[in-house]
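Report on the structure given below.
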Amino acid sequence: MGESVNIEELIKIVSELKAKGKTIVTTNGCFDILHAGHVRYLKQAKELGDILIVCLNSDASVKRLKGSTRPLNPEYDRAEVLAGLASVDYVVIFEEDTPSSILEKIKPNIHVKGGDYTEETLPETAVIKAAGGRVAFIPLVEGRSTTNIIKRMK
């Protein structure tokens, strides 16, 4: 089971893990209503390395990105649920619209995003590559999304 940490703690943890030769994988997102697509995605992301860190959009960030009715679940609840998944080692909440600032500080070996992005459309690509890391893309699970779940609930 993973744990939710702040950025200062995460920087120290990542430094220690890298010193032990661990491959650090990161991803990011809102993860508002956790569903099978998220679980499969995070499992595949974890398989790319030793440690999986989820950079989680804060409530304010989700509102800016998804609209005033989101998130449905508050950031600390979303972080707790993510940290409870076997594939997730650490969760860190960030306030900005992208995790570039955190990624610049921890310099992961691999940053993972869904297949709806490309290196050209992913804002974090430059930061990852500048630190010597690589970007990987995992195909989305068809028909599985928080937006679809919300539409069905209405």
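So you can find residues: chains in the structure tokens are A, B, ... in the order shown, residues in each start at 1, and ligands are numbered from 1 in order.
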All residues 8 Å or closer to Pro99 of chain A, only C-alpha atoms, same chain fewer than 3 positions away omitted, as a PDB file with N, CA and C atoms, in the first residue's frame:
ATOM      1  N   ASN A  28       0.264  11.479 -13.818  1.00  0.00           N
ATOM      2  CA  ASN A  28      -0.518  12.522 -13.159  1.00  0.00           C
ATOM      3  C   ASN A  28      -1.946  12.520 -13.672  1.00  0.00           C
ATOM      4  N   CYS A  55       1.129  11.997  -9.351  1.00  0.00           N
ATOM      5  CA  CYS A  55       1.001  13.422  -9.090  1.00  0.00           C
ATOM      6  C   CYS A  55      -0.472  13.761  -9.299  1.00  0.00           C
ATOM      7  N   PHE A  94      -0.579  18.400  -6.299  1.00  0.00           N
ATOM      8  CA  PHE A  94       0.022  19.631  -6.805  1.00  0.00           C
ATOM      9  C   PHE A  94      -1.067  20.634  -7.173  1.00  0.00           C
ATOM     10  N   GLU A  96      -0.709  23.362  -9.446  1.00  0.00           N
ATOM     11  CA  GLU A  96      -0.655  23.903 -10.798  1.00  0.00           C
ATOM     12  C   GLU A  96      -1.525  23.073 -11.736  1.00  0.00           C
ATOM     13  N   ILE A 102       6.899  19.729 -10.135  1.00  0.00           N
ATOM     14  CA  ILE A 102       7.279  18.551  -9.338  1.00  0.00           C
ATOM     15  C   ILE A 102       8.221  17.658 -10.137  1.00  0.00           C
ATOM     16  N   LEU A 103       7.887  17.422 -11.387  1.00  0.00           N
ATOM     17  CA  LEU A 103       8.705  16.537 -12.224  1.00  0.00           C
ATOM     18  C   LEU A 103      10.112  17.097 -12.400  1.00  0.00           C
ATOM     19  N   GLU A 124       4.397  18.166 -20.164  1.00  0.00           N
ATOM     20  CA  GLU A 124       5.538  17.744 -19.341  1.00  0.00           C
ATOM     21  C   GLU A 124       6.712  17.198 -20.156  1.00  0.00           C
TER      22      GLU A 124
END
Task: Backbone DSSP call of strand (DSSP E or B) for segment 3-136 of chain A, listed as a ChimeraX atom specification - done: /A:3-4,24-29,51-57,90-94,110-114,134-136
TODO: Write out as a PyMOL selection string which residues come within 9 Å of segment 111-115 of chain A when counting only C-alpha atoms, dropping same-chain ones fewer than 5 positions away.
DONE: chain A and resi 24-29+41+45+103+122+124-125+128+133-140
N, CA and C atoms of the current selection, written as a short mmCIF file (atom, residue, chain, number, x, y, z; two decimals), in the first residue's frame:
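So again.cif came out as:
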data_model
loop_
_atom_site.label_atom_id
_atom_site.label_comp_id
_atom_site.auth_asym_id
_atom_site.auth_seq_id
_atom_site.Cartn_x
_atom_site.Cartn_y
_atom_site.Cartn_z
N ILE A 24 12.21 5.15 -11.30
CA ILE A 24 11.08 5.94 -10.83
C ILE A 24 10.15 6.24 -12.01
N VAL A 25 8.88 5.87 -11.84
CA VAL A 25 7.85 6.12 -12.84
C VAL A 25 6.85 7.10 -12.23
N THR A 26 6.45 8.10 -13.02
CA THR A 26 5.43 9.04 -12.55
C THR A 26 4.29 9.07 -13.55
N THR A 27 3.15 9.50 -13.06
CA THR A 27 2.01 9.83 -13.90
C THR A 27 1.26 10.93 -13.17
N ASN A 28 0.26 11.48 -13.82
CA ASN A 28 -0.52 12.52 -13.16
C ASN A 28 -1.95 12.52 -13.67
N GLY A 29 -2.82 13.15 -12.90
CA GLY A 29 -4.20 13.26 -13.31
C GLY A 29 -5.09 13.68 -12.17
N TYR A 41 -4.61 1.21 -16.06
CA TYR A 41 -3.59 2.17 -16.47
C TYR A 41 -2.46 2.24 -15.44
N ALA A 45 1.44 1.22 -15.77
CA ALA A 45 2.47 2.23 -15.49
C ALA A 45 3.50 1.67 -14.50
N LEU A 103 7.89 17.42 -11.39
CA LEU A 103 8.70 16.54 -12.22
C LEU A 103 10.11 17.10 -12.40
N LEU A 122 1.84 16.79 -24.91
CA LEU A 122 2.01 16.64 -23.46
C LEU A 122 2.88 17.77 -22.90
N GLU A 124 4.40 18.17 -20.16
CA GLU A 124 5.54 17.74 -19.34
C GLU A 124 6.71 17.20 -20.16
N THR A 125 6.54 16.96 -21.43
CA THR A 125 7.57 16.31 -22.24
C THR A 125 8.92 17.00 -22.14
N ILE A 128 10.70 16.38 -18.75
CA ILE A 128 11.15 15.00 -18.62
C ILE A 128 12.40 14.76 -19.45
N GLY A 133 14.99 11.79 -18.84
CA GLY A 133 13.96 10.75 -18.74
C GLY A 133 13.28 10.52 -20.07
N ARG A 134 12.31 9.62 -20.05
CA ARG A 134 11.53 9.37 -21.26
C ARG A 134 10.05 9.39 -20.93
N VAL A 135 9.25 9.62 -21.97
CA VAL A 135 7.80 9.63 -21.83
C VAL A 135 7.25 8.36 -22.46
N ALA A 136 6.30 7.73 -21.77
CA ALA A 136 5.65 6.52 -22.28
C ALA A 136 4.14 6.75 -22.30
N PHE A 137 3.47 6.12 -23.26
CA PHE A 137 2.02 6.27 -23.39
C PHE A 137 1.36 4.91 -23.29
N ILE A 138 0.26 4.88 -22.53
CA ILE A 138 -0.51 3.66 -22.34
C ILE A 138 -1.89 3.88 -22.96
N PRO A 139 -2.33 2.95 -23.80
CA PRO A 139 -3.65 3.11 -24.45
C PRO A 139 -4.76 3.24 -23.41
N LEU A 140 -5.72 4.10 -23.71
CA LEU A 140 -6.88 4.25 -22.83
C LEU A 140 -7.77 3.02 -22.95
#
Can you tell me which residues surround Tyr76 of chain A at a distance of at most 10 Å, considering only C-alpha atoms, apart from same-chain residues fewer than 6 positions away, and format the answer as a tab-separated table (two decimals) with N, CA and C atoms, in the first residue's frame?
chain	number	residue	atom	x	y	z
A	4	SER	N	0.48	8.96	0.89
A	4	SER	CA	0.40	10.31	0.40
A	4	SER	C	1.47	11.13	1.10
A	56	LEU	N	-1.14	14.16	-8.23
A	56	LEU	CA	-2.59	14.32	-8.23
A	56	LEU	C	-2.97	15.80	-8.26
A	58	SER	N	-4.77	19.08	-7.48
A	58	SER	CA	-5.52	19.57	-6.32
A	58	SER	C	-6.95	19.89	-6.72
A	59	ASP	N	-7.79	20.14	-5.73
A	59	ASP	CA	-9.18	20.49	-6.02
A	59	ASP	C	-9.26	21.75	-6.89
A	82	LEU	N	-6.17	6.41	-4.14
A	82	LEU	CA	-5.04	6.06	-5.01
A	82	LEU	C	-3.94	5.34	-4.23
A	93	ILE	N	0.08	15.73	-4.07
A	93	ILE	CA	-0.91	16.66	-4.62
A	93	ILE	C	-0.18	17.91	-5.11
TODO: Give the answer as one residue: which of A:Asp116, A:Lys20, A:Ser101, A:Ala83 has the shortest atom-to-atom distance to Val5 of chain A, using only C-alpha atoms?
DONE: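 Of all the options, A:Ala83 lies closest to Val5 of chain A.
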